[in-house]
Amino acid sequence: LASVSASELDSSTDPSEGDRIAEDPISYFTRLNRKVNTAKEQGVYPFEPEISAHDGVWVQCEGKRMLMLASYEYLGLLGHDELDRAAEAAILDFGTGHHGSRLLTGTTSNHCDLEFRLAHWMRADDAIVFSSGYVANLATISALVGPGDYIVGDNLNHASIVDGCRMSGAEFKEFKHNDMDELVSLLLESGGRRTLVVVDAIFSMEGDIVDLPSVIEICKKNKALLMVDEAHSMGVLGKTGAGIQEHFGLAADDIDIKMGTLSKSLAGSGGFVAANSQIITYLRHHARGYIFSGALPSVYANVAIAALEVLRREPSRVEQIWKNVEYYHAGLKRLGFDTGASETPIVPIMTRTNDVTMAFTQLCRSEGLLVVPVCYPAVPMDSPRLRTCITSTHQQSDLDFALDVLARAGRQCGIIH
Ligand code: PMP
C-alpha cells in the first residue's frame, strides 16, 4: 500500500536548465508527472477521490458508500432544501452565469442584499463579495498594501494569504505559529512603514485558534492594520456562529478586515471581505480580482443568503458541532492518537511519515471512511497527517463508526497500539 509515498508524488523535481530548454514540452511534463502517473497506474493515487452522489454525511465514492470525514461543510447545509430552492430561484431570475464584472454589468440585487447581510453578520460597515475565498485574499491583500509597505503573517497561514502577500510587492515576513513575542519583534522592524498583520482565525491544517486578543493588542500598540481570515471560524466559533469576534467577545472594530468564504459553513461558493465602508469602497476600485473577473454567479449569492437565514434560525447547529467535536476528540484521545493542537472541528491525526500517511488513508477508505492525507508542501515536511473534519450533522453512530475504522487502521499502521 505504501509503495508510493507523498514525497514521491511531489512533482516539483526541478530539472536542470539544459533539460528545460532542450526537452519537448509534453515529455518534460510527463517526466515531472512520472510519480503521479505511477501512483495512478498502481491504484494508490490518494487525491481527487471521485464522488458520484451524496446523502448527508454519507457519499458514494468510487463505487463505494463512504462516511465523509473530510468536508468543510461544518453546518450540514449541503443539499439543504432551502439552499437548493434559493439556487433554483436565482437561476430563474438571472440565469446560470453572470453578466460581466461587478463594476460594469455583473451586479445583481442579490449581490447587494448578500453584502448588506454579511456586513451586518460580521458587525462591519460594509462588505464586498468575490468569486472565491482564494481570490478574496489575493485581491484584497495585494490592493491594501504594495511596494514600500510591510506585512507580517503567521507562518501557518493559508496559501491564499501567503500568495496575496507575495503578490502585493510589500516586504513580507512570517512569525512562528502563534508566537506573539516573534510578532512583536518583527513589528519593531517596520521602520514606520504602513503595516498589515494577517492571521487565520482557525488554522486549516492544525485546527487550533489564533490568540487574537494578544494579536489585537500588539497591532494597536504598533499601529498595524489587522486582517483575519475567518474561512473556518464563520458558522463555527461563537455562540451563534458569528466567528472569532463573538468567540472572544471582541469589540466590533477590533479587527480591521474580516475575510470569509461562502464555500465552507455556508455550503456554497465565493468569498468576501467585511470592513469599514471606506476600505470596501477602495477595494471595489483597486482589487484586481474583483475588477478584472466576472461577478460571483448570483446563484451563489442567493445560496449564501439562504444559508445565513437557516443559521440565524437554527443556532443549535453550532451547539451540535461542538458536542460532536467534544465526543470525537475524546474518542481519539482514548485511542491514543496524536491530534496536535487541535481544539476545533478540524482534527489532524499525526502519522509521522508520508508512507504511513498513505497506507493509513488507503486502509480507512477500504473500510468506507473518506479521509484525506496532507503532506508537504501543505504542512511542514516533518509533520504529515490525515486531516479529519467534523460537521454538525454527523450522528453519534457515524462518529463511532469513524473511530472504529481509525482504531483498526491506526493499529495496523503502527500509529497506535
Ligand atoms: N482561507 C482559508 C483559511 C482556507 O482554508 C481556504 C480554502 N480551503 C480559503 C481561504 C480559500 O477559500 P475558497 O475555497 O472559497 O477559495
# chains A, B, ... in the order shown; residues from 1 in each chain; ligands from 1
call {"tool": "select_by_dssp", "arguments": {"residues": "stretch 44-201 of chain A", "states": "helix (DSSP H, G or I)", "output": "PyMOL selection string"}}
result
chain A and resi 81-94+102-106+109-121+133-144+159-168+180-190
call {"tool": "residues_near_ligand", "arguments": {"ligand": "ligand 1", "cutoff": "9 Å", "atoms": "only C-alpha atoms and all ligand atoms", "output": "count of residues only"}}
result
34
call {"tool": "select_by_dssp", "arguments": {"residues": "stretch 106-216 of chain A", "states": "strand (DSSP E)", "output": "ChimeraX atom specification"}}
result
/A:126-130,150-154,171-175,195-200
call {"tool": "write_last_selection", "arguments": {"atoms": "C-alpha atoms", "output": "compact mmCIF listing (two decimals), in the first residue's frame"}}
result
# COMPACT_ATOMS: atom_id res chain seq x y z
CA ASP A 126 -19.87 47.16 4.58
CA ALA A 127 -18.81 44.03 2.70
CA ILE A 128 -17.58 43.04 -0.77
CA VAL A 129 -18.12 39.64 -2.36
CA PHE A 130 -15.53 37.89 -4.56
CA TYR A 150 5.29 45.83 5.27
CA ILE A 151 3.30 42.63 6.01
CA VAL A 152 3.69 40.25 8.95
CA GLY A 153 1.83 36.92 8.99
CA ASP A 154 1.67 33.66 10.97
CA GLU A 171 8.09 43.26 2.27
CA PHE A 172 6.60 40.09 3.81
CA LYS A 173 7.80 38.37 6.99
CA GLU A 174 6.38 35.40 8.91
CA PHE A 175 6.41 34.74 12.65
CA THR A 195 1.99 47.65 8.13
CA LEU A 196 -0.53 44.85 7.71
CA VAL A 197 -0.73 41.92 10.12
CA VAL A 198 -2.63 38.93 8.75
CA VAL A 199 -3.66 35.71 10.52
CA ASP A 200 -6.10 32.84 10.18
call {"tool": "residues_around", "arguments": {"residues": "A:Ala267", "least_positions_apart": "4", "cutoff": "8 Å", "atoms": "only C-alpha atoms", "output": "PDB file with N, CA and C atoms, in the first residue's frame"}}
result
ATOM      1  N   GLU A  73     -17.861  21.339   5.315  1.00  0.00           N
ATOM      2  CA  GLU A  73     -19.258  21.741   5.270  1.00  0.00           C
ATOM      3  C   GLU A  73     -19.800  21.638   6.703  1.00  0.00           C
ATOM      4  N   GLY A  76     -23.646  21.232   7.934  1.00  0.00           N
ATOM      5  CA  GLY A  76     -24.544  20.241   7.315  1.00  0.00           C
ATOM      6  C   GLY A  76     -25.587  20.874   6.403  1.00  0.00           C
ATOM      7  N   LEU A  77     -25.228  21.965   5.726  1.00  0.00           N
ATOM      8  CA  LEU A  77     -26.211  22.658   4.883  1.00  0.00           C
ATOM      9  C   LEU A  77     -26.162  22.245   3.412  1.00  0.00           C
ATOM     10  N   LEU A  78     -25.169  21.433   3.054  1.00  0.00           N
ATOM     11  CA  LEU A  78     -25.073  20.994   1.662  1.00  0.00           C
ATOM     12  C   LEU A  78     -26.276  20.102   1.354  1.00  0.00           C
ATOM     13  N   LEU A 262     -17.684  31.681   1.313  1.00  0.00           N
ATOM     14  CA  LEU A 262     -19.067  31.180   1.253  1.00  0.00           C
ATOM     15  C   LEU A 262     -19.052  29.677   0.996  1.00  0.00           C
ATOM     16  N   SER A 263     -17.854  29.082   0.900  1.00  0.00           N
ATOM     17  CA  SER A 263     -17.751  27.702   0.418  1.00  0.00           C
ATOM     18  C   SER A 263     -17.672  26.651   1.530  1.00  0.00           C
ATOM     19  N   VAL A 303     -27.705  31.447  -2.536  1.00  0.00           N
ATOM     20  CA  VAL A 303     -27.429  30.296  -1.657  1.00  0.00           C
ATOM     21  C   VAL A 303     -26.884  30.794  -0.311  1.00  0.00           C
ATOM     22  N   ALA A 304     -25.976  31.754  -0.357  1.00  0.00           N
ATOM     23  CA  ALA A 304     -25.386  32.266   0.891  1.00  0.00           C
ATOM     24  C   ALA A 304     -26.440  32.986   1.734  1.00  0.00           C
ATOM     25  N   ALA A 307     -28.416  30.330   3.380  1.00  0.00           N
ATOM     26  CA  ALA A 307     -27.639  29.650   4.435  1.00  0.00           C
ATOM     27  C   ALA A 307     -27.580  30.512   5.693  1.00  0.00           C
TER      28      ALA A 307
END
call {"tool": "closest_residue", "arguments": {"among": "A:Gly146, A:Gly207, A:Gly164, A:Pro213", "to": "A:Ile346", "atoms": "only C-alpha atoms"}}
result
A:Gly207
call {"tool": "atom_distance", "arguments": {"atom1": "atom CA of A:Arg85", "atom2": "atom CA of A:Tyr300"}}
result
11.7 Å
call {"tool": "residues_around", "arguments": {"residues": "A:Thr339", "least_positions_apart": "5", "cutoff": "10 Å", "atoms": "only C-alpha atoms", "output": "list in words"}}
result
Glu206, Gly207, His329, Leu332, Lys333, Ile346, Val347, Pro348, Ile349, Met350, Thr351, Arg385, Leu386, Arg387 and Thr388 of chain A
call {"tool": "residues_around", "arguments": {"residues": "stretch 58-70 of chain A", "least_positions_apart": "5", "cutoff": "6 Å", "atoms": "only C-alpha atoms", "output": "tab-separated table (two decimals) with C-alpha atoms, in the first residue's frame"}}
result
chain	number	residue	atom	x	y	z
A	50	GLU	CA	-14.49	10.94	-7.25
A	51	ILE	CA	-17.82	11.44	-5.51
A	52	SER	CA	-20.84	10.48	-7.57
A	53	ALA	CA	-23.65	11.07	-5.07
A	368	GLY	CA	-15.62	3.03	3.96
A	369	LEU	CA	-14.16	6.09	5.70
A	370	LEU	CA	-13.35	9.01	3.42
A	371	VAL	CA	-10.32	10.81	4.84
A	388	THR	CA	-10.35	14.86	9.50
A	389	CYS	CA	-13.27	17.28	9.82
call {"tool": "residues_around", "arguments": {"residues": "A:Glu326", "least_positions_apart": "4", "cutoff": "12 Å", "atoms": "only C-alpha atoms", "output": "number ranges by chain"}}
result
A: 319-322, 330-333, 342-347, 390-392, 396, 399
call {"tool": "write_last_selection", "arguments": {"atoms": "C-alpha atoms", "output": "mmCIF file, in the first residue's frame"}}
result
data_model
loop_
_atom_site.group_PDB
_atom_site.id
_atom_site.type_symbol
_atom_site.label_atom_id
_atom_site.label_comp_id
_atom_site.auth_asym_id
_atom_site.auth_seq_id
_atom_site.Cartn_x
_atom_site.Cartn_y
_atom_site.Cartn_z
ATOM 1 C CA GLU A 319 -24.026 23.881 19.502
ATOM 2 C CA GLN A 320 -24.273 20.434 17.886
ATOM 3 C CA ILE A 321 -20.970 20.748 16.066
ATOM 4 C CA TRP A 322 -19.229 21.430 19.387
ATOM 5 C CA ALA A 330 -12.344 12.347 23.426
ATOM 6 C CA GLY A 331 -12.613 9.168 21.328
ATOM 7 C CA LEU A 332 -9.339 9.842 19.512
ATOM 8 C CA LYS A 333 -7.578 10.686 22.761
ATOM 9 C CA SER A 342 -6.487 20.839 17.504
ATOM 10 C CA GLU A 343 -9.349 22.346 19.502
ATOM 11 C CA THR A 344 -11.978 22.679 16.747
ATOM 12 C CA PRO A 345 -13.836 20.589 14.107
ATOM 13 C CA ILE A 346 -10.599 20.385 12.098
ATOM 14 C CA VAL A 347 -8.778 17.433 13.628
ATOM 15 C CA ILE A 390 -16.432 17.057 11.872
ATOM 16 C CA THR A 391 -19.803 18.512 10.936
ATOM 17 C CA SER A 392 -22.932 19.206 12.961
ATOM 18 C CA GLN A 396 -23.013 9.702 17.217
ATOM 19 C CA LEU A 399 -18.542 9.120 14.824
#
